[in-house]
$ cat my_file.cif   # mmCIF, C-alpha atoms
data_start
#
loop_
_atom_site.label_atom_id
_atom_site.label_comp_id
_atom_site.auth_asym_id
_atom_site.auth_seq_id
_atom_site.Cartn_x
_atom_site.Cartn_y
_atom_site.Cartn_z
CA MET A 968 0.00 0.00 0.00
CA LYS A 969 2.73 2.40 1.04
CA LYS A 970 4.73 1.43 -2.02
CA THR A 971 1.71 2.10 -4.26
CA ILE A 972 1.17 5.56 -2.79
CA LEU A 973 4.86 6.37 -3.13
CA ALA A 974 4.98 5.20 -6.74
CA SER A 975 1.82 7.15 -7.62
CA THR A 976 3.15 10.32 -5.99
CA LEU A 977 6.44 9.97 -7.83
CA GLY A 978 4.67 9.34 -11.12
CA LEU A 979 2.37 12.34 -10.72
CA SER A 980 5.34 14.53 -9.79
CA LEU A 981 7.17 13.47 -12.91
CA VAL A 982 4.13 14.22 -15.06
CA ALA A 983 3.72 17.63 -13.44
CA PHE A 984 7.41 18.40 -13.93
CA ALA A 985 7.27 17.37 -17.59
CA TRP A 986 4.19 19.53 -18.16
CA ALA A 987 5.76 22.52 -16.43
CA THR A 988 9.00 22.30 -18.36
CA SER A 989 7.23 21.72 -21.68
CA ALA A 990 4.98 24.70 -21.04
CA ALA A 991 8.05 26.85 -20.39
CA ALA A 992 10.06 25.52 -23.38
CA VAL A 993 10.62 28.01 -26.14
CA ASP A 994 9.78 27.08 -29.73
CA GLU A 995 13.02 28.31 -31.27
CA THR A 996 11.98 27.72 -34.87
CA ALA A 997 8.75 29.68 -34.45
CA ALA A 998 10.60 32.49 -32.67
CA ILE A 999 13.22 32.79 -35.43
CA ASP A 1000 10.55 32.65 -38.15
CA LEU A 1001 8.63 35.48 -36.49
CA ALA A 1002 11.81 37.48 -36.00
CA LYS A 1003 12.63 37.06 -39.70
CA GLU A 1004 9.12 38.03 -40.76
CA SER A 1005 9.25 41.09 -38.52
CA LYS A 1006 12.69 41.99 -39.91
CA CYS A 1007 14.23 41.99 -36.44
CA PHE A 1008 17.53 40.72 -37.83
CA LYS A 1009 17.89 43.84 -39.92
CA CYS A 1010 19.16 45.61 -36.80
CA HIS A 1011 19.72 42.84 -34.26
CA SER A 1012 22.08 39.90 -34.35
CA VAL A 1013 21.85 37.02 -31.89
CA ASP A 1014 25.36 37.52 -30.56
CA LYS A 1015 27.24 39.99 -32.77
CA LYS A 1016 27.55 43.74 -33.27
CA LYS A 1017 24.89 45.31 -35.47
CA GLU A 1018 22.87 48.51 -35.33
CA GLY A 1019 20.82 47.43 -32.35
CA PRO A 1020 21.98 45.48 -29.28
CA SER A 1021 22.52 41.76 -29.75
CA TYR A 1022 19.94 39.46 -28.20
CA HIS A 1023 22.72 38.02 -26.08
CA SER A 1024 23.36 41.44 -24.57
CA VAL A 1025 19.63 42.01 -24.09
CA ALA A 1026 19.36 38.71 -22.23
CA GLU A 1027 22.36 39.64 -20.10
CA LYS A 1028 20.89 43.07 -19.34
CA TYR A 1029 17.57 41.63 -18.17
CA LYS A 1030 18.92 38.58 -16.38
CA GLY A 1031 16.99 38.02 -13.17
CA ASN A 1032 14.59 40.86 -13.99
CA ALA A 1033 11.06 39.61 -13.33
CA GLY A 1034 9.48 42.37 -15.39
CA ALA A 1035 11.71 41.82 -18.43
CA GLU A 1036 9.25 39.76 -20.44
CA GLU A 1037 6.43 42.28 -20.04
CA LYS A 1038 8.75 45.17 -20.82
CA LEU A 1039 10.04 43.60 -24.01
CA ILE A 1040 6.59 42.54 -25.16
CA LYS A 1041 5.52 46.17 -24.80
CA HIS A 1042 8.68 47.29 -26.63
CA ILE A 1043 7.78 45.29 -29.73
CA THR A 1044 4.00 45.77 -29.69
CA VAL A 1045 3.52 49.41 -28.66
CA PRO A 1046 5.01 52.10 -30.93
CA ASN A 1047 8.11 53.62 -29.41
CA LYS A 1048 11.33 55.30 -30.48
CA VAL A 1049 14.94 54.24 -30.18
CA LYS A 1050 18.12 56.23 -30.75
CA ILE A 1051 20.17 55.08 -33.72
CA ASP A 1052 23.20 57.07 -34.90
CA GLY A 1053 22.04 60.01 -32.81
CA GLU A 1054 18.59 60.06 -34.41
CA LEU A 1055 15.33 59.00 -32.77
CA GLN A 1056 13.74 56.36 -34.98
CA ASP A 1057 10.54 54.33 -34.77
CA HIS A 1058 11.27 50.84 -33.48
CA GLN A 1059 9.91 48.11 -35.75
CA MET A 1060 6.78 46.42 -34.43
CA VAL A 1061 6.44 42.65 -34.37
CA LYS A 1062 4.36 41.30 -37.27
CA SER A 1063 1.98 39.22 -35.23
CA SER A 1064 -1.07 39.81 -33.07
CA ASP A 1065 -0.87 36.38 -31.45
CA PRO A 1066 0.07 36.93 -27.77
CA ALA A 1067 1.48 33.40 -27.48
CA ALA A 1068 3.74 33.86 -30.52
CA ILE A 1069 4.95 37.24 -29.25
CA LYS A 1070 5.63 35.82 -25.80
CA ASN A 1071 7.53 32.94 -27.39
CA LEU A 1072 9.69 35.37 -29.36
CA VAL A 1073 10.47 37.46 -26.29
CA ASP A 1074 11.23 34.35 -24.23
CA TRP A 1075 13.58 33.19 -26.97
CA ILE A 1076 15.38 36.53 -26.91
CA LEU A 1077 15.68 36.45 -23.14
CA SER A 1078 17.08 32.92 -23.26
CA ARG A 1079 20.01 33.81 -25.60
CA MET B 1311 33.14 15.28 -103.05
CA PHE B 1312 35.25 15.65 -99.91
CA GLY B 1313 37.82 13.18 -101.25
CA GLY B 1314 38.20 15.21 -104.42
CA TRP B 1315 38.59 18.48 -102.47
CA TRP B 1316 41.22 17.00 -100.18
CA LYS B 1317 43.20 15.62 -103.13
CA ARG B 1318 43.16 19.02 -104.80
CA LEU B 1319 44.27 20.64 -101.52
CA GLN B 1320 47.16 18.19 -101.14
CA GLN B 1321 48.28 18.84 -104.67
CA ARG B 1322 47.99 22.56 -104.09
CA CYS B 1323 49.87 22.47 -100.76
CA ALA B 1324 52.73 20.55 -102.37
CA THR B 1325 53.58 23.72 -104.24
CA CYS B 1326 52.06 26.44 -102.01
CA SER B 1327 54.19 29.16 -100.50
CA ARG B 1328 54.97 29.58 -96.83
CA VAL B 1329 52.66 32.56 -96.72
CA THR B 1330 49.75 30.46 -97.81
CA LEU B 1331 50.60 27.78 -95.31
CA GLY B 1332 51.03 30.36 -92.56
CA VAL B 1333 47.70 31.97 -93.31
CA GLY B 1334 46.09 28.57 -93.30
CA VAL B 1335 47.54 27.68 -89.94
CA ALA B 1336 46.56 31.09 -88.54
CA VAL B 1337 42.99 30.64 -89.68
CA VAL B 1338 42.82 27.24 -88.04
CA VAL B 1339 44.31 28.56 -84.81
CA LEU B 1340 41.86 31.48 -84.81
CA LEU B 1341 38.94 29.15 -85.32
CA VAL B 1342 40.07 26.85 -82.54
CA GLY B 1343 40.71 29.85 -80.32
CA ALA B 1344 37.27 31.24 -81.07
CA VAL B 1345 35.66 27.93 -80.16
CA ILE B 1346 37.59 27.81 -76.87
CA ALA B 1347 36.80 31.46 -76.07
CA ILE B 1348 33.11 31.16 -76.91
CA GLY B 1349 32.87 27.80 -75.16
CA GLY B 1350 34.71 29.15 -72.12
CA ALA B 1351 32.50 32.23 -71.93
CA ALA B 1352 29.39 30.10 -72.28
CA GLY B 1353 30.66 27.77 -69.59
CA LEU B 1354 31.41 30.66 -67.25
CA ALA B 1355 27.95 32.14 -67.90
CA TRP B 1356 26.40 28.77 -67.16
CA THR B 1357 28.17 28.58 -63.79
CA GLU B 1358 26.73 32.00 -62.87
CA ARG B 1359 23.16 30.69 -62.99
CA LEU B 1360 21.15 29.88 -59.88
CA ASP B 1361 20.28 26.39 -61.12
CA PHE B 1362 23.95 25.61 -61.51
CA CYS B 1363 24.66 26.53 -57.89
CA ILE B 1364 21.74 24.59 -56.48
CA SER B 1365 22.46 21.55 -58.61
CA CYS B 1366 24.56 20.56 -55.60
CA HIS B 1367 22.16 19.46 -52.86
CA GLU B 1368 24.41 21.03 -50.20
CA MET B 1369 23.56 24.45 -51.59
CA ARG B 1370 19.96 23.60 -52.53
CA ASP B 1371 19.03 22.21 -49.10
CA ASN B 1372 20.83 24.79 -46.97
CA PRO B 1373 21.71 28.36 -48.00
CA TYR B 1374 19.17 28.37 -50.84
CA GLN B 1375 16.31 27.55 -48.50
CA GLU B 1376 17.36 30.41 -46.22
CA TYR B 1377 17.69 32.80 -49.13
CA LYS B 1378 14.17 32.13 -50.44
CA GLY B 1379 11.78 34.80 -49.21
CA THR B 1380 14.51 37.30 -48.34
CA ILE B 1381 14.63 40.71 -49.94
CA HIS B 1382 17.24 39.56 -52.46
CA SER B 1383 14.88 36.84 -53.61
CA VAL B 1384 11.54 38.63 -53.67
CA ASN B 1385 10.81 42.36 -53.38
CA LYS B 1386 8.50 45.07 -54.64
CA HIS B 1387 10.78 45.84 -57.57
CA GLY B 1388 10.80 42.26 -58.88
CA VAL B 1389 14.59 42.30 -58.91
CA ARG B 1390 16.17 38.96 -58.06
CA VAL B 1391 19.74 38.60 -56.99
CA VAL B 1392 21.23 35.13 -57.23
CA CYS B 1393 24.26 33.41 -55.73
CA ALA B 1394 26.88 34.64 -58.19
CA ASP B 1395 25.79 38.25 -57.83
CA CYS B 1396 27.03 38.31 -54.25
CA HIS B 1397 29.59 35.53 -54.17
CA VAL B 1398 31.47 35.90 -57.46
CA PRO B 1399 33.45 39.03 -58.41
CA ARG B 1400 32.75 40.69 -61.74
CA GLU B 1401 36.29 41.84 -62.43
CA VAL B 1402 37.96 39.41 -64.87
CA GLY B 1403 41.01 38.48 -62.80
CA PRO B 1404 39.19 37.94 -59.49
CA LEU B 1405 36.36 36.21 -61.38
CA LEU B 1406 38.66 33.64 -62.96
CA TRP B 1407 40.48 33.15 -59.67
CA ALA B 1408 37.16 32.58 -57.88
CA LYS B 1409 36.10 30.03 -60.51
CA PHE B 1410 39.43 28.24 -60.21
CA ASN B 1411 39.12 28.09 -56.42
CA ALA B 1412 35.57 26.87 -56.69
CA THR B 1413 36.75 23.69 -58.43
CA PHE B 1414 38.18 22.58 -55.08
CA GLU B 1415 34.60 22.54 -53.80
CA LEU B 1416 34.10 19.49 -55.97
CA TRP B 1417 36.46 17.68 -53.62
CA ASP B 1418 34.32 18.78 -50.66
CA HIS B 1419 31.22 17.60 -52.50
CA PHE B 1420 32.58 14.16 -53.29
CA THR B 1421 34.08 13.66 -49.83
CA GLY B 1422 30.79 14.72 -48.21
CA ARG B 1423 32.19 17.57 -46.15
CA ILE B 1424 28.81 19.30 -45.76
CA ASN B 1425 26.52 16.73 -47.31
CA THR B 1426 24.06 16.67 -44.41
CA ARG B 1427 22.21 19.45 -42.60
CA LYS B 1428 24.12 18.61 -39.42
CA LYS B 1429 27.50 18.89 -41.15
CA PHE B 1430 26.48 22.11 -42.85
CA LEU B 1431 25.46 23.67 -39.55
CA ALA B 1432 28.72 22.52 -37.97
CA HIS B 1433 30.67 24.30 -40.74
CA ARG B 1434 28.37 27.32 -41.07
CA ALA B 1435 30.56 29.68 -39.06
CA GLU B 1436 33.65 28.69 -41.05
CA LEU B 1437 31.85 29.15 -44.37
CA ALA B 1438 30.36 32.50 -43.35
CA THR B 1439 33.74 33.71 -42.13
CA GLN B 1440 35.30 32.90 -45.51
CA VAL B 1441 32.66 34.93 -47.32
CA TRP B 1442 32.74 37.82 -44.87
CA THR B 1443 36.54 37.96 -45.05
CA GLN B 1444 36.41 38.18 -48.83
CA MET B 1445 33.79 40.93 -48.66
CA LEU B 1446 35.69 42.89 -46.03
CA GLU B 1447 38.91 42.66 -48.05
CA THR B 1448 37.16 43.90 -51.21
CA ASP B 1449 35.22 46.65 -49.45
CA SER B 1450 31.98 44.77 -50.20
CA GLN B 1451 32.60 45.11 -53.92
CA THR B 1452 29.91 42.59 -54.89
CA CYS B 1453 27.32 44.63 -52.99
CA ARG B 1454 28.56 47.83 -54.61
CA ASN B 1455 28.29 46.28 -58.07
CA CYS B 1456 24.56 46.92 -57.77
CA HIS B 1457 24.15 49.32 -54.84
CA LYS B 1458 25.75 52.64 -55.75
CA VAL B 1459 26.16 55.18 -52.96
CA ASP B 1460 25.41 58.06 -55.34
CA ALA B 1461 22.25 56.35 -56.58
CA PHE B 1462 20.41 56.29 -53.25
CA LYS B 1463 17.17 58.25 -53.38
CA ASP B 1464 14.49 58.94 -50.77
CA GLU B 1465 16.50 57.24 -48.05
CA SER B 1466 15.28 57.46 -44.49
CA LYS B 1467 17.25 59.78 -42.21
CA ARG B 1468 18.55 56.72 -40.39
CA ALA B 1469 19.84 55.19 -43.61
CA GLN B 1470 21.42 58.49 -44.66
CA ALA B 1471 23.22 58.78 -41.35
CA ALA B 1472 24.38 55.16 -41.46
CA HIS B 1473 25.63 55.36 -45.04
CA ALA B 1474 27.39 58.65 -44.38
CA ARG B 1475 29.63 56.75 -41.97
CA MET B 1476 31.19 54.95 -44.91
CA LYS B 1477 32.87 58.20 -45.95
CA THR B 1478 34.73 58.62 -42.69
CA GLU B 1479 34.94 55.17 -41.13
CA ALA B 1480 36.45 51.91 -42.26
CA ILE B 1481 33.14 50.17 -42.83
CA SER B 1482 31.37 48.78 -45.85
CA CYS B 1483 28.04 47.17 -46.64
CA ILE B 1484 28.73 43.78 -45.05
CA ASP B 1485 29.60 45.31 -41.66
CA CYS B 1486 25.94 46.10 -41.04
CA HIS B 1487 23.99 44.15 -43.65
CA TYR B 1488 25.30 40.65 -42.93
CA ALA B 1489 22.78 37.80 -42.67
CA ILE B 1490 20.55 39.58 -45.17
CA ALA B 1491 20.30 36.50 -47.36
CA HIS B 1492 21.31 33.61 -45.10
CA ASP B 1493 21.02 32.77 -41.43
CA GLU B 1494 23.87 33.99 -39.29
CA PRO B 1495 26.14 31.55 -37.47
CA GLU B 1496 27.22 31.90 -33.87
CA GLY B 1497 30.50 33.60 -33.25
CA PRO B 1498 32.27 36.71 -34.53
CA GLY B 1499 30.55 38.78 -37.18
CA PRO B 1500 32.00 41.08 -39.85
CA GLN B 1501 32.68 43.95 -37.44
CA GLU B 1502 34.62 41.67 -35.11
CA LEU B 1503 36.41 40.10 -38.10
CA ARG B 1504 37.40 43.50 -39.41
CA VAL B 1505 39.29 44.18 -36.19
CA LYS B 1506 40.91 40.75 -36.33
CA LEU B 1507 41.99 41.30 -39.95
CA GLY B 1508 43.37 44.73 -39.14
CA LEU B 1509 41.08 46.47 -41.64
CA THR B 1510 40.20 49.28 -39.29
CA LYS B 1511 41.80 52.17 -41.12
CA LYS B 1512 39.99 54.12 -43.85
#
$ encode --input "my_file.cif" --output "structure tokens"
Amino acid sequence: MKKTILASTLGLSLVAFAWATSAAAVDETAAIDLAKESKCFKCHSVDKKKEGPSYHSVAEKYKGNAGAEEKLIKHITVPNKVKIDGELQDHQMVKSSDPAAIKNLVDWILSR
Amino acid sequence: MFGGWWKRLQQRCATCSRVTLGVGVAVVVLLVGAVIAIGGAAGLAWTERLDFCISCHEMRDNPYQEYKGTIHSVNKHGVRVVCADCHVPREVGPLLWAKFNATFELWDHFTGRINTRKKFLAHRAELATQVWTQMLETDSQTCRNCHKVDAFKDESKRAQAAHARMKTEAISCIDCHYAIAHDEPEGPGPQELRVKLGLTKK
């Protein structure tokens, strides 16, 4: 009886863990496809110098910041300006209205 | 008919002067040369075509798939840029040298150096670095074959400011516009490579 309860508890824990990790897993292919469609890579590289900060440096900057995801989602969905070569320019908006896809893209950026 | 002509020619050549013989030889040499030149030019033109490049599955299944849908493939002007436009110089000397070097890629093809997606990805950084190095060393000449600085019109202020930097800084097209046609690899990009190559002076 005790063994049955223990085994069931362990099994349920494993299932819950798998669900939690799969829910948090980023779909890299979808994120990159959306980034390409939104022309993010015109200014941003994953890890190299380009006009905008690399996604690696963005991830470093927001490491441990609980509000990072929300901030970045707002950055790519609400019109705003960024300074490039001394000039204020409109930041490109993400070409999607799907909240899940946008969240996935931001999570991918923050995981670089 | 041919036999009769040849017999007459033999009889004629038995007594013909050196001038005649020389002219005859020259004509033959010119004809052979013309065939080689025309054939060579046709062959070179054939190797500039997109279908030639993607006849190798390594190119068809990897960089070509990435290139499809990019601005060099489809755009509002209907202008399509293919592999040779960016990867092969137009100047005669560098062109012939590039074609000669490309024959060594046959060895890579037959030894299967990048004959799977996994192998291609493993070599992507190395391949990109080769191309970026060539572009940095030629001041992005292949880009500038089509994109002329004095032909820009109705540029955004941002683009104007960025392009103005080329007049005073040691930068060229590839420094900023890399990964415009293919996915970027991990590791150093053109700006980092430029420092490594010592190409930092205007």
$ residues_around --input "my_file.cif" --residues "segment 1396-1405 of chain B" --least-positions-apart "4" --cutoff "7 Å" --atoms "only C-alpha atoms" --output "VMD selection string"
chain B and resid 1409 1452 to 1453
$ atom_distance --input "my_file.cif" --atom1 "atom CA of Phe1362 of chain B" --atom2 "atom CA of Cys1393 of chain B"
9.7 Å
$ resolve_selection --input "my_file.cif" --expression "the PyMOL selection byres ((chain B) within 10 of (chain A))" --output "JSON, numbers by chain"
{"B": [1379, 1380, 1466, 1467, 1468, 1469, 1471, 1472, 1475, 1485, 1486, 1487, 1488, 1489, 1490, 1493, 1494, 1495, 1496, 1497, 1498, 1499, 1500, 1501, 1502]}
$ resolve_selection --input "my_file.cif" --expression "the PyMOL selection byres ((chain A and resi 1057) around 8)" --output "PDB file with C-alpha atoms, in the coordinates of the input"
ATOM      1  CA  PRO A1046       5.010  52.100 -30.930  1.00  0.00           C
ATOM      2  CA  ASN A1047       8.110  53.620 -29.410  1.00  0.00           C
ATOM      3  CA  LYS A1048      11.330  55.300 -30.480  1.00  0.00           C
ATOM      4  CA  VAL A1049      14.940  54.240 -30.180  1.00  0.00           C
ATOM      5  CA  LEU A1055      15.330  59.000 -32.770  1.00  0.00           C
ATOM      6  CA  GLN A1056      13.740  56.360 -34.980  1.00  0.00           C
ATOM      7  CA  HIS A1058      11.270  50.840 -33.480  1.00  0.00           C
ATOM      8  CA  GLN A1059       9.910  48.110 -35.750  1.00  0.00           C
TER       9      GLN A1059
END
$ axis_aligned_box --input "my_file.cif" --around "segment 1356-1361 of chain B" --padding-each-side "8 Å" --output "AutoDock Vina command-line options"
--center_x 24.2 --center_y 29.2 --center_z -63.5 --size_x 23.9 --size_y 21.6 --size_z 23.3
$ atom_distance --input "my_file.cif" --atom1 "atom CA of Glu1036 of chain A" --atom2 "atom CA of Lys1070 of chain A"
7.6 Å
$ closest_residue --input "my_file.cif" --among "B:Thr1510, B:Thr1439, B:Gln1451, B:Gln1470" --to "Cys1483 of chain B" --atoms "all atoms listed in the file"
B:Gln1451
$ residues_around --input "my_file.cif" --residues "Asn1071 of chain A" --least-positions-apart "5" --cutoff "10 Å" --atoms "only C-alpha atoms" --output "list of chain:residue names"
A:Ala991, A:Ala992, A:Val993, A:Asp994, A:Glu995, A:Ala997, A:Ala998, A:Ile999, A:Leu1001, A:Glu1036, A:Ile1040, A:Asp1065, A:Pro1066, A:Ile1076, A:Leu1077
